[in-house]
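Undergrad: Below is entry.txt; it holds compact mmCIF, C-alpha atoms and all ligand atoms.
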# COMPACT_ATOMS: atom_id res chain seq x y z
CA MET A 205 123.29 -0.94 69.83
CA GLU A 206 121.06 1.92 68.75
CA PRO A 207 119.03 1.42 65.58
CA SER A 208 120.11 3.44 62.56
CA LEU A 209 117.68 5.92 61.01
CA ILE A 210 117.19 3.45 58.16
CA ASP A 211 116.31 0.69 60.66
CA VAL A 212 113.77 2.96 62.30
CA ARG A 213 112.23 3.98 59.00
CA ARG A 214 111.93 0.37 57.85
CA ALA A 215 110.41 -0.75 61.14
CA LEU A 216 107.78 2.00 60.82
CA HIS A 217 107.26 1.22 57.15
CA ARG A 218 106.33 -2.38 58.02
CA ILE A 219 103.47 -1.35 60.33
CA PRO A 220 101.38 1.34 58.58
CA GLU A 221 98.11 2.13 60.35
CA LEU A 222 95.19 4.39 59.50
CA GLY A 223 94.23 7.61 61.30
CA PHE A 224 93.68 7.19 65.06
CA GLU A 225 94.61 3.51 64.80
CA GLU A 226 98.37 4.12 65.10
CA TYR A 227 98.68 1.81 68.14
CA LYS A 228 101.71 -0.21 67.04
CA THR A 229 103.37 2.91 65.67
CA GLN A 230 102.86 4.70 68.97
CA THR A 231 104.16 1.73 70.99
CA TYR A 232 107.24 1.40 68.79
CA LEU A 233 108.03 5.11 69.01
CA LEU A 234 107.51 5.17 72.78
CA GLU A 235 109.98 2.30 73.16
CA LEU A 236 112.53 4.18 71.06
CA ILE A 237 112.00 7.36 73.06
CA GLN A 238 112.33 5.50 76.36
CA SER A 239 115.68 4.08 75.22
CA LEU A 240 117.13 7.62 75.06
CA PRO A 241 118.70 9.50 77.98
CA GLN A 242 115.74 10.99 79.83
CA ASP A 243 117.55 13.90 81.55
CA PHE A 244 115.92 16.64 79.46
CA LEU A 245 112.85 14.75 78.22
CA GLU A 246 109.20 14.76 79.21
CA VAL A 247 106.80 12.52 77.33
CA LYS A 248 103.01 12.64 77.03
CA THR A 249 100.59 10.75 74.86
CA TRP A 250 97.45 12.14 73.28
CA LYS A 251 95.17 9.50 71.69
CA THR A 252 97.54 7.58 69.38
CA GLY A 253 99.93 10.54 69.19
CA ILE A 254 102.96 11.48 71.28
CA LEU A 255 104.36 14.77 72.54
CA VAL A 256 107.96 14.97 73.71
CA ARG A 257 109.36 18.09 75.31
CA VAL A 258 113.11 18.61 75.46
CA ARG A 259 114.14 21.10 78.13
CA GLY A 260 116.53 23.66 76.70
CA ARG A 261 119.59 25.15 78.43
CA LYS A 262 118.26 28.69 78.18
CA GLY A 263 114.74 27.89 77.21
CA GLU A 264 113.53 31.35 76.29
CA LYS A 265 111.12 29.86 73.78
CA THR A 266 109.80 26.54 72.53
CA VAL A 267 110.36 25.42 68.96
CA ALA A 268 108.11 22.58 67.78
CA TYR A 269 108.71 20.01 65.09
CA ARG A 270 105.68 18.10 63.86
CA ALA A 271 105.62 14.68 62.19
CA ASP A 272 102.46 12.93 61.02
CA MET A 273 102.04 9.23 61.77
CA ASP A 274 99.38 7.58 59.62
CA GLY A 275 99.51 5.39 56.53
CA LEU A 276 96.96 4.93 53.75
CA PRO A 277 94.45 2.25 52.69
CA ILE A 278 96.69 1.18 49.79
CA THR A 279 98.17 -2.25 49.00
CA GLU A 280 101.91 -1.79 48.64
CA GLU A 281 103.48 -2.80 45.32
CA THR A 282 107.13 -1.95 45.89
CA GLY A 283 108.26 -5.55 46.46
CA LEU A 284 110.83 -4.25 48.96
CA PRO A 285 112.21 -6.57 51.67
CA PHE A 286 110.61 -4.35 54.33
CA VAL A 287 107.23 -4.21 52.58
CA SER A 288 104.14 -3.43 54.69
CA GLN A 289 103.04 -6.31 56.89
CA HIS A 290 99.56 -4.85 57.18
CA GLU A 291 97.31 -6.08 54.42
CA GLY A 292 95.88 -3.19 52.40
CA ARG A 293 97.84 -0.53 54.31
CA MET A 294 100.89 1.38 53.20
CA HIS A 295 103.05 4.33 54.17
CA ALA A 296 102.56 5.81 50.70
CA CYS A 297 102.81 9.45 51.76
CA GLY A 298 106.18 9.27 53.49
CA HIS A 299 104.92 9.71 57.03
CA ASP A 300 107.30 6.87 58.04
CA LEU A 301 110.14 9.16 56.93
CA HIS A 302 108.62 12.18 58.66
CA MET A 303 108.53 10.26 61.97
CA THR A 304 112.06 8.91 61.51
CA ILE A 305 113.45 12.40 60.92
CA ALA A 306 111.64 13.64 64.03
CA PHE A 307 113.14 10.78 66.02
CA GLY A 308 116.62 11.50 64.60
CA LEU A 309 116.36 15.09 65.78
CA LEU A 310 114.98 14.08 69.15
CA ARG A 311 117.80 11.57 69.66
CA HIS A 312 120.40 14.20 68.87
CA PHE A 313 118.96 16.68 71.34
CA ALA A 314 118.38 14.04 74.03
CA TYR A 315 122.18 13.65 74.15
CA LEU A 316 123.15 17.25 73.46
CA GLN A 317 120.87 19.60 75.32
CA PRO A 318 119.55 22.36 73.01
CA GLU A 319 119.53 26.07 73.83
CA THR A 320 115.78 26.50 73.41
CA HIS A 321 113.04 24.18 74.56
CA LEU A 322 111.94 21.80 71.82
CA LEU A 323 108.62 20.07 71.35
CA PHE A 324 108.36 16.98 69.15
CA ILE A 325 104.85 16.36 67.93
CA PHE A 326 103.91 12.93 66.58
CA GLN A 327 100.47 13.65 65.21
CA PRO A 328 97.99 10.95 64.23
CA ALA A 329 95.45 10.96 61.41
CA GLU A 330 96.80 13.48 58.92
CA GLU A 331 95.23 11.69 55.94
CA GLY A 332 91.87 11.60 57.71
CA PRO A 333 89.83 12.35 59.66
CA GLY A 334 92.40 14.99 60.69
CA GLY A 335 94.42 14.90 63.91
CA ALA A 336 95.90 18.40 63.91
CA LYS A 337 92.80 20.31 64.95
CA PRO A 338 91.74 18.11 67.89
CA MET A 339 95.37 17.85 69.02
CA LEU A 340 95.70 21.63 69.04
CA ASP A 341 92.54 21.87 71.13
CA SER A 342 93.70 19.21 73.60
CA GLU A 343 94.68 19.91 77.19
CA GLU A 344 97.96 18.02 76.64
CA PHE A 345 99.00 20.26 73.76
CA ARG A 346 97.83 23.48 75.40
CA MET A 347 100.12 22.86 78.36
CA TRP A 348 103.16 22.78 76.09
CA TRP A 349 102.08 25.42 73.57
CA PRO A 350 105.11 26.26 71.38
CA ASP A 351 106.23 29.66 70.08
CA GLU A 352 107.01 28.47 66.60
CA ILE A 353 106.56 25.31 64.58
CA ILE A 354 108.26 23.48 61.70
CA ALA A 355 107.23 20.54 59.52
CA LEU A 356 108.28 19.01 56.25
CA HIS A 357 106.75 16.80 53.59
CA ILE A 358 108.65 14.49 51.31
CA ALA A 359 108.67 15.50 47.64
CA PRO A 360 109.09 12.55 45.24
CA GLU A 361 110.06 14.71 42.26
CA TYR A 362 113.16 16.38 43.72
CA PRO A 363 116.58 14.75 44.24
CA VAL A 364 117.92 14.17 47.75
CA GLY A 365 119.53 17.39 48.98
CA THR A 366 116.73 19.54 47.62
CA ILE A 367 114.63 21.73 49.85
CA ALA A 368 111.74 23.72 48.44
CA THR A 369 109.35 26.16 50.02
CA ARG A 370 107.96 29.67 49.65
CA LYS A 371 106.67 32.61 51.63
CA GLY A 372 102.94 32.72 52.31
CA LEU A 373 100.64 30.13 50.80
CA LEU A 374 102.22 26.71 50.28
CA PHE A 375 99.20 24.38 50.18
CA ALA A 376 95.61 25.06 49.30
CA ASN A 377 92.42 24.95 51.34
CA THR A 378 90.79 21.58 50.76
CA SER A 379 87.47 20.00 51.52
CA GLU A 380 85.87 16.69 50.70
CA LEU A 381 82.40 16.79 49.15
CA PHE A 382 79.68 14.17 49.50
CA ILE A 383 76.20 14.82 48.13
CA ASP A 384 73.34 12.37 48.62
CA LEU A 385 70.17 12.59 46.55
CA LYS A 386 66.97 10.75 47.41
CA GLY A 387 63.95 10.52 45.13
CA GLN A 388 61.42 7.83 44.26
CA GLY A 389 62.47 4.55 42.64
CA GLY A 390 60.28 2.67 40.17
CA HIS A 391 59.94 0.52 37.08
CA ALA A 392 61.99 1.67 34.10
CA ALA A 393 58.89 1.67 31.91
CA TYR A 394 56.92 3.97 34.25
CA PRO A 395 59.10 7.07 34.63
CA HIS A 396 56.03 9.24 35.32
CA LEU A 397 55.49 7.34 38.59
CA ALA A 398 59.05 7.68 39.79
CA ASN A 399 61.64 10.35 40.43
CA ASP A 400 64.94 9.41 38.84
CA MET A 401 68.06 10.24 40.86
CA VAL A 402 70.46 9.16 38.11
CA VAL A 403 69.07 12.00 35.97
CA ALA A 404 69.16 14.44 38.89
CA ALA A 405 72.76 13.51 39.74
CA SER A 406 73.79 13.86 36.10
CA HIS A 407 72.37 17.38 35.96
CA LEU A 408 74.06 18.26 39.21
CA VAL A 409 77.49 17.00 38.12
CA THR A 410 77.21 19.09 34.96
CA GLN A 411 76.09 22.17 36.88
CA LEU A 412 78.95 21.83 39.36
CA GLN A 413 81.36 22.40 36.47
CA SER A 414 80.15 25.99 36.29
CA VAL A 415 81.25 26.87 39.83
CA VAL A 416 84.93 27.26 38.99
CA SER A 417 84.41 28.52 35.44
CA ARG A 418 81.68 31.07 36.27
CA ASN A 419 81.91 31.96 39.97
CA VAL A 420 85.60 32.06 40.87
CA ASP A 421 87.77 35.03 39.94
CA PRO A 422 89.97 33.83 37.03
CA LEU A 423 93.01 35.32 38.78
CA ASP A 424 92.26 33.25 41.86
CA SER A 425 92.27 29.44 41.57
CA ALA A 426 89.95 26.66 42.59
CA VAL A 427 89.17 23.07 41.74
CA VAL A 428 85.91 21.16 42.07
CA THR A 429 86.47 17.55 41.07
CA ILE A 430 83.80 14.87 41.21
CA GLY A 431 85.60 11.55 41.49
CA VAL A 432 82.68 9.22 42.16
CA ILE A 433 79.08 9.04 41.02
CA LYS A 434 76.95 6.16 42.26
CA GLY A 435 73.28 5.41 41.80
CA GLY A 436 70.81 2.72 40.96
CA THR A 437 70.73 -1.03 41.30
CA LYS A 438 69.74 -2.50 37.94
CA GLN A 439 69.44 -1.45 34.30
CA ASN A 440 65.64 -1.56 34.24
CA ILE A 441 64.94 0.06 37.60
CA ILE A 442 64.72 3.81 38.11
CA ALA A 443 67.24 4.80 40.77
CA GLU A 444 65.84 5.98 44.08
CA THR A 445 69.14 7.35 45.36
CA ALA A 446 72.39 8.70 43.98
CA ARG A 447 75.62 9.82 45.60
CA ILE A 448 78.27 12.16 44.29
CA GLU A 449 81.73 12.30 45.87
CA GLY A 450 84.39 14.84 45.16
CA THR A 451 86.88 17.34 46.45
CA ILE A 452 87.17 21.13 46.56
CA ARG A 453 90.51 22.98 46.53
CA THR A 454 90.99 26.72 46.69
CA LEU A 455 93.90 29.11 47.09
CA SER A 456 92.04 31.36 49.51
CA ILE A 457 89.79 30.84 52.51
CA GLU A 458 87.36 33.30 50.91
CA SER A 459 87.02 31.25 47.71
CA MET A 460 86.41 28.11 49.74
CA LYS A 461 83.43 29.81 51.38
CA LYS A 462 82.18 31.11 48.04
CA VAL A 463 82.53 27.74 46.26
CA LYS A 464 80.63 25.99 49.06
CA LYS A 465 77.86 28.60 48.92
CA ARG A 466 77.50 28.08 45.16
CA ILE A 467 77.44 24.29 45.54
CA GLU A 468 74.72 24.62 48.18
CA ALA A 469 72.68 26.84 45.88
CA LEU A 470 72.98 24.40 42.98
CA VAL A 471 72.01 21.49 45.22
CA SER A 472 68.94 23.41 46.44
CA GLY A 473 68.04 24.02 42.80
CA ILE A 474 68.23 20.29 42.09
CA GLU A 475 66.00 19.61 45.10
CA ILE A 476 63.35 21.98 43.77
CA GLY A 477 63.75 21.07 40.11
CA PHE A 478 63.65 17.31 40.66
CA SER A 479 61.45 17.20 43.79
CA CYS A 480 64.00 15.22 45.71
CA GLN A 481 65.87 15.47 49.00
CA ALA A 482 69.52 16.32 49.01
CA SER A 483 72.16 16.48 51.72
CA ILE A 484 75.72 17.75 51.62
CA ASP A 485 78.58 16.54 53.80
CA TYR A 486 81.99 18.22 53.56
CA GLY A 487 83.86 15.34 55.24
CA SER A 488 87.36 16.39 56.23
CA ASN A 489 88.25 20.01 55.60
CA TYR A 490 91.83 21.20 55.71
CA CYS A 491 92.88 24.75 56.23
CA GLN A 492 95.57 26.21 53.98
CA VAL A 493 99.27 25.93 54.84
CA TRP A 494 100.45 29.50 55.25
CA ASN A 495 104.18 30.00 55.87
CA ASP A 496 105.04 32.81 58.24
CA GLU A 497 107.06 35.24 56.12
CA GLU A 498 109.73 36.09 58.65
CA ARG A 499 110.38 32.55 59.87
CA VAL A 500 110.38 30.92 56.46
CA ALA A 501 112.67 33.66 55.15
CA ARG A 502 115.18 32.81 57.87
CA PHE A 503 115.00 29.11 56.96
CA MET A 504 115.32 29.88 53.24
CA GLU A 505 118.40 31.96 53.89
CA TYR A 506 119.91 29.22 56.06
CA SER A 507 119.17 26.55 53.42
CA GLN A 508 120.56 28.59 50.53
CA GLY A 509 123.86 29.04 52.27
CA ARG A 510 124.51 25.37 53.07
CA GLU A 511 126.87 23.17 51.14
CA GLY A 512 125.21 20.18 49.47
CA VAL A 513 121.78 21.80 49.57
CA THR A 514 119.79 22.80 46.51
CA PHE A 515 117.16 25.31 47.48
CA ILE A 516 114.15 25.88 45.25
CA GLU A 517 111.57 28.60 45.71
CA CYS A 518 108.55 26.57 44.62
CA SER A 519 105.03 27.58 43.70
CA GLU A 520 101.97 26.80 45.78
CA ALA A 521 100.20 23.46 45.35
CA MET A 522 96.57 22.34 45.40
CA THR A 523 97.35 19.53 47.83
CA GLY A 524 95.98 19.62 51.37
CA GLU A 525 97.74 19.20 54.71
CA ASP A 526 96.27 19.43 58.16
CA PHE A 527 99.49 21.06 59.39
CA GLY A 528 97.70 24.21 58.21
CA TYR A 529 95.72 24.19 61.47
CA PHE A 530 98.93 24.47 63.49
CA LEU A 531 100.07 27.37 61.29
CA GLU A 532 96.76 29.12 61.78
CA GLU A 533 97.61 29.49 65.47
CA ILE A 534 101.40 29.19 65.74
CA PRO A 535 103.83 30.99 63.41
CA GLY A 536 106.05 28.66 61.45
CA PHE A 537 106.46 26.97 58.10
CA MET A 538 106.50 23.77 56.12
CA PHE A 539 108.89 22.74 53.37
CA TRP A 540 109.27 20.06 50.71
CA LEU A 541 112.12 17.61 51.09
CA GLY A 542 113.35 15.85 47.92
CA VAL A 543 113.36 12.02 48.12
CA ASP A 544 113.93 11.17 44.47
CA THR A 545 111.42 8.50 43.48
CA ASN A 546 109.62 7.99 40.16
CA TYR A 547 106.26 7.54 41.82
CA GLY A 548 104.08 10.23 43.33
CA LEU A 549 102.62 10.53 46.81
CA HIS A 550 99.85 7.97 47.47
CA ASP A 551 101.27 5.66 44.76
CA ALA A 552 101.54 1.98 45.73
CA ARG A 553 105.09 1.95 44.30
CA LEU A 554 106.43 5.01 46.18
CA ASN A 555 110.03 4.23 47.15
CA PRO A 556 111.88 7.21 48.65
CA ASN A 557 115.67 7.28 48.72
CA GLU A 558 116.63 6.67 52.36
CA ASP A 559 119.76 8.84 52.06
CA VAL A 560 117.37 11.67 52.76
CA LEU A 561 117.04 10.67 56.43
CA SER A 562 120.51 11.65 57.56
CA PHE A 563 120.52 14.64 55.21
CA ALA A 564 117.30 16.02 56.69
CA VAL A 565 118.32 15.36 60.29
CA GLN A 566 121.69 17.12 59.81
CA HIS A 567 120.07 20.04 58.01
CA LEU A 568 117.46 20.56 60.69
CA ILE A 569 119.87 20.11 63.61
CA GLY A 570 121.95 22.90 62.09
CA TYR A 571 118.89 25.07 61.63
CA ILE A 572 117.45 24.48 65.10
CA GLU A 573 120.82 25.37 66.60
CA THR A 574 120.57 28.82 65.01
CA LEU A 575 117.23 29.55 66.71
ZN ZN B 601 99.07 12.04 51.92
ZN ZN B 602 101.40 13.28 53.70
What is this file in structure tokens?
TA:
Amino acid sequence: MEPSLIDVRRALHRIPELGFEEYKTQTYLLELIQSLPQDFLEVKTWKTGILVRVRGRKGEKTVAYRADMDGLPITEETGLPFVSQHEGRMHACGHDLHMTIAFGLLRHFAYLQPETHLLFIFQPAEEGPGGAKPMLDSEEFRMWWPDEIIALHIAPEYPVGTIATRKGLLFANTSELFIDLKGQGGHAAYPHLANDMVVAASHLVTQLQSVVSRNVDPLDSAVVTIGVIKGGTKQNIIAETARIEGTIRTLSIESMKKVKKRIEALVSGIEIGFSCQASIDYGSNYCQVWNDEERVARFMEYSQGREGVTFIECSEAMTGEDFGYFLEEIPGFMFWLGVDTNYGLHDARLNPNEDVLSFAVQHLIGYIETL
């Protein structure tokens, strides 16, 4: 007996793993893939990811479908019977559904040979440190380079049956931001003998607010958010070090460069003004998700004409997605798939409606057959 899509999703949901640690996920998926008829399939692994090529009847081109594999460092609070068995880990971004939909499509085409070649990409480490870029650069991927590429992301706010996307920019450029400041610690009563990094960090956080308000074109958009500020050890000791952690989001690649340049200038100013040492680390950086106009238009047209589908032309979002790296090199698109839950992505209570699995698989089978 073959597992249902819901069985597959629940099995994956129980074993969430962080980026590049998707060992159990990879093993489980490989077992599923091996249980399919192998006549048209070729399977390769890359780190904790998997690539599956389905040989098409005509095979004039290769169409890729990408699913991300990793979970998040979140303790699940759904109380569901198939709750995460991994302490402090949860599929809170729907990647369990993304993989299940990919498997559903793969299973269909393993039985019914497609016209074109297909490539199923199970990509590790979307949430961090970023698997798309190194996968694209890998020998394994280069050998099976596709002509176009498709991916989806679940959208909690839309009902099942809803598909939303747009031409051009869908998701922003994003970058993490970590700034470390190092000065001279000392006794609280002798500030003249020390060099206080709590004061320096406070100035810097305030100055960073001017980057978006004073340096970015008001008709463009950007965000600089500082989420963490750490420094010091005790109330009567002057802090020797401080750390600021945040994120940058921009709608254009140009603004990302500009924002970073301004941040670097402000940090240099703090170094001079407070006689301290500063270092900046941008952590994981994600390129924008840019939908190829022609290909997304074809998908939009297909989706609008289907019974039981609500199509929404959405606006761009400030979220990040490393699928953007694939789209930088391979034309294609990403779309939002409604899953109807009251909780947002990365929420410990996220509980997508599983009806979406068969809906998405049917919708995409139909679409792929038109290519
Ligand atoms: Zn996420
Ligand atoms: Zn995600």
Undergrad: Rounded to one decimal, what separation in Å do you get between CA of Trp494 (chain A) and CA of Gln327 (chain A)?
TA: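 CA of Gln327 (chain A) lies 18.7 Å from CA of Trp494 (chain A).
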Undergrad: Hey, which of A:Glu449, A:Glu281, A:Asp544, A:Asp300 ends up closest to ligand ZN 602 (chain B)? Count all atoms listed in the file.
TA: A:Asp300
Undergrad: From the options A:Phe537, A:Phe515, A:Tyr571, A:Phe307, which residue's atoms come nearest to His357 (chain A), counting all atoms listed in the file?
TA: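 Between A:Phe537, A:Phe515, A:Tyr571, A:Phe307, the residue approaching His357 (chain A) most closely is A:Phe537.
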Undergrad: So, counting only C-alpha atoms, which residue among A:Pro535, A:Gly435, A:Pro241, A:Pro318 is closest to Arg261 (chain A)?
TA: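 Among the listed residues, A:Pro318 lies closest to Arg261 (chain A).
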Undergrad: If we count only C-alpha atoms and set the cut-off at 9 Å, which residues sit around region 232-236 of chain A, ignoring sequence neighbours fewer than 6 positions away in its own chain? Please answer as a list in words.
TA: Pro207, Val212, Ala215, Leu216, Val247, Ile254, Met303 and Phe307 of chain A
Undergrad: Counting all atoms listed in the file, which of A:Arg257, A:Lys371, A:His295, A:Arg447 gets nearest to Val493 (chain A)?
TA: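 Among the listed residues, A:Lys371 lies closest to Val493 (chain A).
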Undergrad: Collect all residues with atoms no farther than 8 Å from ligand ZN 602 (chain B), counting only C-alpha atoms and all ligand atoms, and output them as a short mmCIF file (atom, residue, chain, number, x, y, z; two decimals) with C-alpha atoms, in the frame of the given file.
TA:
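Result file is selection_28.cif:
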data_model
loop_
_atom_site.label_atom_id
_atom_site.label_comp_id
_atom_site.auth_asym_id
_atom_site.auth_seq_id
_atom_site.Cartn_x
_atom_site.Cartn_y
_atom_site.Cartn_z
CA ASP A 272 102.46 12.93 61.02
CA CYS A 297 102.81 9.45 51.76
CA GLY A 298 106.18 9.27 53.49
CA HIS A 299 104.92 9.71 57.03
CA GLU A 330 96.80 13.48 58.92
CA GLU A 331 95.23 11.69 55.94
CA HIS A 357 106.75 16.80 53.59
CA ILE A 358 108.65 14.49 51.31
CA GLU A 525 97.74 19.20 54.71
CA LEU A 549 102.62 10.53 46.81
#
Undergrad: Interatomic distance between CA of Val428 (chain A) and CA of Glu520 (chain A)?
TA: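 Separating CA of Val428 (chain A) from CA of Glu520 (chain A) is a distance of 17.4 Å.
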